[in-house]
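As stored in start-v7.cif (mmCIF, C-alpha atoms):
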data_input
#
loop_
_atom_site.label_atom_id
_atom_site.label_comp_id
_atom_site.auth_asym_id
_atom_site.auth_seq_id
_atom_site.Cartn_x
_atom_site.Cartn_y
_atom_site.Cartn_z
CA PRO S 937 85.51 58.68 -106.55
CA THR S 938 84.50 56.72 -103.47
CA PRO S 939 87.04 56.05 -100.71
CA ASP S 940 87.10 52.35 -101.67
CA LEU S 941 87.86 53.21 -105.30
CA LEU S 942 90.60 55.63 -104.29
CA ALA S 943 92.14 52.98 -102.06
CA ARG S 944 92.03 50.49 -104.92
CA TRP S 945 93.73 52.94 -107.28
CA GLU S 946 96.40 53.72 -104.71
CA HIS S 947 97.10 50.00 -104.19
CA GLN S 948 97.31 49.47 -107.95
CA ALA S 949 99.68 52.42 -108.34
CA VAL S 950 101.98 51.00 -105.65
CA GLN S 951 102.03 47.61 -107.37
CA GLU S 952 102.81 49.15 -110.76
CA THR S 953 105.60 51.27 -109.23
CA GLU S 954 107.17 48.25 -107.53
CA SER S 955 107.02 46.15 -110.70
CA ALA S 956 108.63 48.95 -112.71
CA HIS S 957 111.87 48.75 -110.74
CA ALA S 958 114.52 46.12 -111.25
CA PRO S 959 114.77 43.68 -108.31
CA LEU S 960 117.61 44.45 -105.93
CA THR S 961 119.22 42.76 -102.96
CA PHE S 962 119.13 44.44 -99.55
CA ARG S 963 122.52 45.98 -100.39
CA GLY S 964 121.26 47.34 -103.70
CA ARG S 965 122.78 44.73 -105.97
CA PRO S 966 120.63 43.95 -109.05
CA VAL S 967 119.48 40.37 -109.49
CA GLY S 968 117.71 38.64 -112.35
CA LEU S 969 114.07 37.74 -111.82
CA TYR S 970 112.98 34.63 -113.72
CA ALA S 971 109.66 32.85 -113.29
CA ASN S 972 108.73 29.24 -112.57
CA THR S 973 105.81 28.44 -114.87
CA SER S 974 103.54 25.51 -115.71
CA SER S 975 101.50 26.91 -118.61
CA PRO S 976 101.44 29.64 -121.29
CA GLN S 977 99.07 31.58 -119.02
CA ASP S 978 101.74 31.59 -116.32
CA VAL S 979 104.22 33.07 -118.80
CA ALA S 980 101.92 36.02 -119.49
CA LEU S 981 101.37 36.60 -115.77
CA ALA S 982 105.12 36.43 -115.13
CA LYS S 983 105.85 39.02 -117.80
CA ASN S 984 103.22 41.38 -116.42
CA ALA S 985 104.73 40.94 -112.96
CA GLY S 986 108.14 42.05 -114.21
CA ALA S 987 109.93 38.74 -114.83
CA GLU S 988 112.91 39.04 -117.18
CA GLY S 989 112.42 35.53 -118.48
CA ILE S 990 111.31 32.03 -117.58
CA GLY S 991 113.84 30.16 -115.47
CA LEU S 992 111.78 26.97 -115.47
CA PHE S 993 109.09 26.17 -118.03
CA ARG S 994 107.50 22.89 -116.94
CA SER S 995 106.43 20.94 -120.03
CA GLU S 996 104.42 18.18 -118.34
CA PHE S 997 101.08 19.91 -118.87
CA LEU S 998 101.40 19.09 -122.57
CA PHE S 999 101.36 15.38 -121.76
CA LEU S 1000 98.72 15.22 -119.02
CA ASN S 1001 94.90 15.36 -119.07
CA ARG S 1002 94.69 13.92 -122.57
CA ASP S 1003 94.41 10.55 -124.35
CA THR S 1004 97.42 10.59 -126.71
CA TRP S 1005 101.02 11.76 -126.76
CA PRO S 1006 101.33 15.38 -127.96
CA THR S 1007 102.65 15.83 -131.49
CA ARG S 1008 105.75 17.77 -132.36
CA GLU S 1009 103.57 20.52 -133.86
CA GLU S 1010 101.54 20.87 -130.66
CA GLN S 1011 104.67 21.20 -128.58
CA LEU S 1012 106.33 23.58 -131.01
CA ALA S 1013 103.37 25.98 -130.98
CA VAL S 1014 103.49 26.20 -127.17
CA TYR S 1015 107.27 26.63 -126.98
CA GLN S 1016 107.27 29.31 -129.67
CA GLN S 1017 104.48 31.17 -127.90
CA ALA S 1018 106.48 31.17 -124.67
CA ALA S 1019 109.69 32.22 -126.42
CA GLN S 1020 107.98 35.17 -128.07
CA ALA S 1021 106.11 36.24 -124.94
CA VAL S 1022 109.16 37.37 -122.96
CA ASP S 1023 112.34 39.24 -123.84
CA GLY S 1024 114.65 37.03 -121.81
CA PRO S 1025 115.44 33.31 -121.88
CA VAL S 1026 112.89 30.52 -121.58
CA ILE S 1027 114.41 27.40 -120.03
CA ILE S 1028 112.23 24.41 -120.92
CA ARG S 1029 112.43 21.41 -118.63
CA THR S 1030 112.00 18.23 -120.64
CA MET S 1031 109.05 16.02 -119.73
CA ASP S 1032 109.10 14.93 -116.11
CA ILE S 1033 106.80 11.95 -116.66
CA GLY S 1034 106.29 9.31 -113.96
CA ALA S 1035 105.16 9.00 -110.33
CA ASP S 1036 102.25 11.44 -109.88
CA LYS S 1037 102.71 12.89 -113.39
CA GLN S 1038 101.13 10.38 -115.72
CA ALA S 1039 97.94 9.61 -117.62
CA PRO S 1040 96.19 6.29 -118.36
CA TYR S 1041 97.19 6.30 -122.04
CA MET S 1042 100.86 6.16 -121.04
CA GLY S 1043 100.52 2.62 -119.70
CA LEU S 1044 103.25 3.03 -117.09
CA PRO S 1045 103.75 0.04 -114.74
CA GLU S 1046 103.36 0.40 -110.99
CA GLU S 1047 106.57 0.92 -109.03
CA ALA S 1048 107.37 0.60 -105.35
CA ASN S 1049 109.15 3.97 -105.37
CA PRO S 1050 107.93 5.78 -108.52
CA ALA S 1051 109.40 9.15 -107.53
CA MET S 1052 112.91 7.69 -107.85
CA GLY S 1053 112.12 5.06 -110.48
CA ASN S 1054 111.41 5.36 -114.19
CA ARG S 1055 110.79 9.08 -114.11
CA GLY S 1056 112.09 12.30 -115.66
CA ILE S 1057 115.28 11.87 -117.64
CA ARG S 1058 115.25 8.09 -117.11
CA PHE S 1059 111.81 7.90 -118.73
CA SER S 1060 113.04 10.05 -121.64
CA LEU S 1061 116.11 7.90 -122.23
CA ALA S 1062 113.92 4.79 -122.17
CA HIS S 1063 111.54 6.36 -124.72
CA LEU S 1064 113.93 7.99 -127.15
CA GLU S 1065 111.36 8.67 -129.86
CA LEU S 1066 109.30 10.79 -127.46
CA PHE S 1067 112.42 12.51 -126.14
CA GLN S 1068 113.76 13.31 -129.59
CA THR S 1069 110.39 14.66 -130.69
CA GLN S 1070 110.34 17.05 -127.77
CA ILE S 1071 113.95 18.12 -128.30
CA SER S 1072 113.25 18.75 -131.98
CA ALA S 1073 110.37 21.09 -131.07
CA ILE S 1074 112.51 22.90 -128.49
CA VAL S 1075 115.39 23.37 -130.93
CA GLU S 1076 113.10 24.83 -133.59
CA ALA S 1077 111.55 27.17 -131.02
CA ALA S 1078 115.07 28.33 -130.18
CA MET S 1079 115.30 29.73 -133.70
CA LEU S 1080 112.76 32.39 -132.68
CA GLY S 1081 113.87 33.14 -129.16
CA HIS S 1082 116.35 32.47 -126.38
CA VAL S 1083 115.29 28.94 -125.44
CA GLY S 1084 117.23 26.50 -123.29
CA ILE S 1085 116.95 22.88 -122.14
CA MET S 1086 116.92 21.54 -118.58
CA LEU S 1087 116.89 17.84 -117.66
CA PRO S 1088 114.69 16.66 -114.75
CA MET S 1089 115.31 14.09 -112.00
CA VAL S 1090 118.96 13.55 -112.89
CA SER S 1091 120.82 11.07 -110.68
CA THR S 1092 124.03 10.19 -112.56
CA LEU S 1093 126.63 11.70 -114.86
CA GLU S 1094 125.87 9.01 -117.42
CA GLU S 1095 122.27 10.22 -117.74
CA VAL S 1096 123.45 13.73 -118.54
CA ARG S 1097 126.04 12.51 -121.05
CA ARG S 1098 123.55 10.25 -122.84
CA ALA S 1099 120.91 12.97 -122.95
CA ARG S 1100 123.35 15.56 -124.23
CA GLN S 1101 124.49 13.18 -126.97
CA ARG S 1102 120.88 12.67 -128.07
CA VAL S 1103 120.23 16.41 -128.08
CA GLU S 1104 123.30 17.06 -130.21
CA GLU S 1105 122.24 14.29 -132.60
CA VAL S 1106 118.81 15.90 -133.02
CA ILE S 1107 120.37 19.30 -133.70
CA SER S 1108 122.67 17.74 -136.29
CA CYS S 1109 119.86 15.80 -138.01
CA MET S 1110 117.77 18.98 -138.21
CA GLY S 1111 120.62 20.82 -139.90
CA SER S 1112 120.21 23.59 -137.37
CA PRO S 1113 122.97 26.22 -137.16
CA LEU S 1114 122.43 26.46 -133.41
CA GLN S 1115 124.97 24.95 -131.05
CA LEU S 1116 124.14 23.37 -127.72
CA GLY S 1117 125.62 25.46 -124.95
CA GLN S 1118 126.54 28.43 -127.09
CA ASP S 1119 123.09 29.14 -128.57
CA ILE S 1120 120.89 26.82 -126.52
CA PRO S 1121 121.57 26.86 -122.77
CA PHE S 1122 121.75 23.35 -121.35
CA GLY S 1123 121.57 22.17 -117.77
CA VAL S 1124 120.01 19.96 -115.12
CA MET S 1125 117.66 20.04 -112.15
CA ILE S 1126 119.30 19.40 -108.79
CA GLU S 1127 116.33 17.66 -107.18
CA THR S 1128 117.52 14.21 -106.14
CA PRO S 1129 119.93 13.44 -103.29
CA ALA S 1130 122.26 11.79 -105.81
CA ALA S 1131 122.40 14.94 -107.96
CA ALA S 1132 123.08 17.10 -104.91
CA LEU S 1133 125.99 14.90 -103.89
CA ILE S 1134 127.61 15.03 -107.35
CA SER S 1135 126.73 18.66 -108.09
CA GLN S 1136 130.36 19.64 -108.72
CA GLU S 1137 130.77 16.83 -111.24
CA LEU S 1138 127.47 17.72 -112.91
CA ALA S 1139 128.66 21.31 -113.28
CA LYS S 1140 131.52 20.06 -115.44
CA GLU S 1141 129.07 18.37 -117.83
CA VAL S 1142 127.31 21.58 -118.84
CA PRO S 1143 128.73 24.67 -120.56
CA VAL S 1144 130.42 26.97 -118.05
CA GLU S 1145 129.13 30.27 -119.44
CA THR S 1146 125.59 29.27 -120.37
CA GLY S 1147 124.87 26.26 -118.18
CA VAL S 1148 121.58 26.34 -116.30
CA PHE S 1149 120.65 24.72 -113.00
CA GLY S 1150 117.38 24.36 -111.18
CA ALA S 1151 117.15 23.25 -107.57
CA ASP S 1152 114.55 21.68 -105.31
CA MET S 1153 117.16 21.42 -102.57
CA GLN S 1154 119.97 23.55 -101.23
CA VAL S 1155 123.55 22.96 -102.35
CA ARG S 1156 126.38 25.13 -101.08
CA LEU S 1157 130.03 25.07 -102.11
CA VAL S 1158 132.41 25.90 -99.28
CA ASN S 1159 136.19 26.25 -99.71
CA ASP S 1160 137.46 23.26 -101.72
CA GLY S 1161 134.48 20.95 -101.31
CA PRO S 1162 130.71 20.84 -101.33
CA VAL S 1163 128.57 21.03 -98.25
CA THR S 1164 125.25 19.53 -99.26
CA ILE S 1165 122.08 20.30 -97.37
CA ILE S 1166 119.23 18.10 -98.55
CA LEU S 1167 115.75 19.37 -97.72
CA ASP S 1168 112.36 17.91 -98.54
CA THR S 1169 110.61 20.90 -100.12
CA LYS S 1170 107.22 19.17 -99.80
CA ASN S 1171 107.57 18.82 -96.01
CA ARG S 1172 106.39 21.91 -94.15
#

For the file at hand, write its structure as structure tokens.
Amino acid sequence: PTPDLLARWEHQAVQETESAHAPLTFRGRPVGLYANTSSPQDVALAKNAGAEGIGLFRSEFLFLNRDTWPTREEQLAVYQQAAQAVDGPVIIRTMDIGADKQAPYMGLPEEANPAMGNRGIRFSLAHLELFQTQISAIVEAAMLGHVGIMLPMVSTLEEVRRARQRVEEVISCMGSPLQLGQDIPFGVMIETPAAALISQELAKEVPVETGVFGADMQVRLVNDGPVTIILDTKNR
């Protein structure tokens, strides 16, 4: 073998050795490694890289770069594929439609501040048929794997309560034996200033043992109260 080929093999061997070990903190404490993905291809890459599961499966790609809303069957096929691709949980974030994530067929009106307007969970609650279709596909996918639900762009407790009620109604109408929280992890994204400021209250709205949280900002709990540090993750 040439020196270049030997060097390539050595580099590959090091990568394979590193990926074979469970991730640890500096003090040797094991931590879970879950990927942030935007497509089925990302899921495969994450598994090969050693991810235990998918901590955030962004579902927007199903709705963009097309001319019609995706059907339940289209969504179900993608969610099932993701659920079967990894051994650990797959937390699916419901459609974060609005602002920069939209297509002409959606017919969304212009807004002065679209990032904080009719977007994410507010869009879903204003278009219940679309929301319920997506939830139905997620719930059926959960029959084949460990699949959870995460709500995007949450700003109020009322949004979480209304969304959870709709999810439970869909589960009931489907006659599914799965229970929200116990069988299907349920949680929210902490990505708006409002959500960061009410993070303790939001934590009470999701199951304690199986609740899931995603964050685009830093929230720390100190002593008896929260200390909230809000950072713009897009600003370098």

Find the spatial neighbours of Ala1019 in chain S, counting only C-alpha atoms, within a cut-off of 12 Å - ignore same-chain residues fewer than 4 positions away - and output them as an MDAnalysis selection string. chainID S and resid 976 979:980 983 988:991 993 1012:1015 1023:1028 1074:1084

As a count of residues only, please: the residues near Arg1055 in chain S (cut-off 12 Å, all atoms listed in the file, same-chain neighbours under 5 positions excluded). 26

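Relative to CA of Leu1093 in chain S, CA of Leu1138 in chain S is found at 6.4 Å.
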
The residue from S:Lys1140, S:Pro959, S:Ser995, S:Asp978 with the smallest atom-to-atom distance to Gln1011 in chain S, counting all atoms listed in the file, is S:Ser995

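If you look at CA of Leu1114 in chain S and CA of Ile1071 in chain S, they are 12.9 Å away from each other.
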
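Shortest atom-to-atom contact with Cys1109 in chain S among S:Thr938, S:Gln1020, S:Asn972, S:Gln1068: S:Gln1068, counting only C-alpha atoms.
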
Point out the residue among S:Ala1021, S:Met1086, S:Met1110, S:Met1052 with the least atom-to-atom distance to Thr1069 in chain S, counting all atoms listed in the file. S:Met1110

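Closest to Val1106 in chain S among S:Glu1094, S:Ala1130, S:Glu1065, S:Gln1118 is S:Glu1065, based on all atoms listed in the file.
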
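Note that CA of Gly1056 in chain S and CA of Pro1006 in chain S are 16.6 Å apart.
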
Neighbours of Ala1099 in chain S within 8 Å (all atoms listed in the file; same-chain residues fewer than 4 positions away dropped), as number ranges by chain? S: 1057, 1061, 1095, 1103

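Among S:Glu1105, S:Asp1003, S:Glu1137, S:Asp1119, the residue with the shortest atom-to-atom distance to Met1042 in chain S, counting only C-alpha atoms, is S:Asp1003.
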
Adding 6 Å on each side of the box along x, y and z that holds all listed atoms of range 1013-1025 of chain S, could you give its centre and edge lengths in Å to one decimal, as JSON?
{"center_x": 109.4, "center_y": 32.6, "center_z": -126.4, "size_x": 24.1, "size_y": 25.3, "size_z": 21.2}
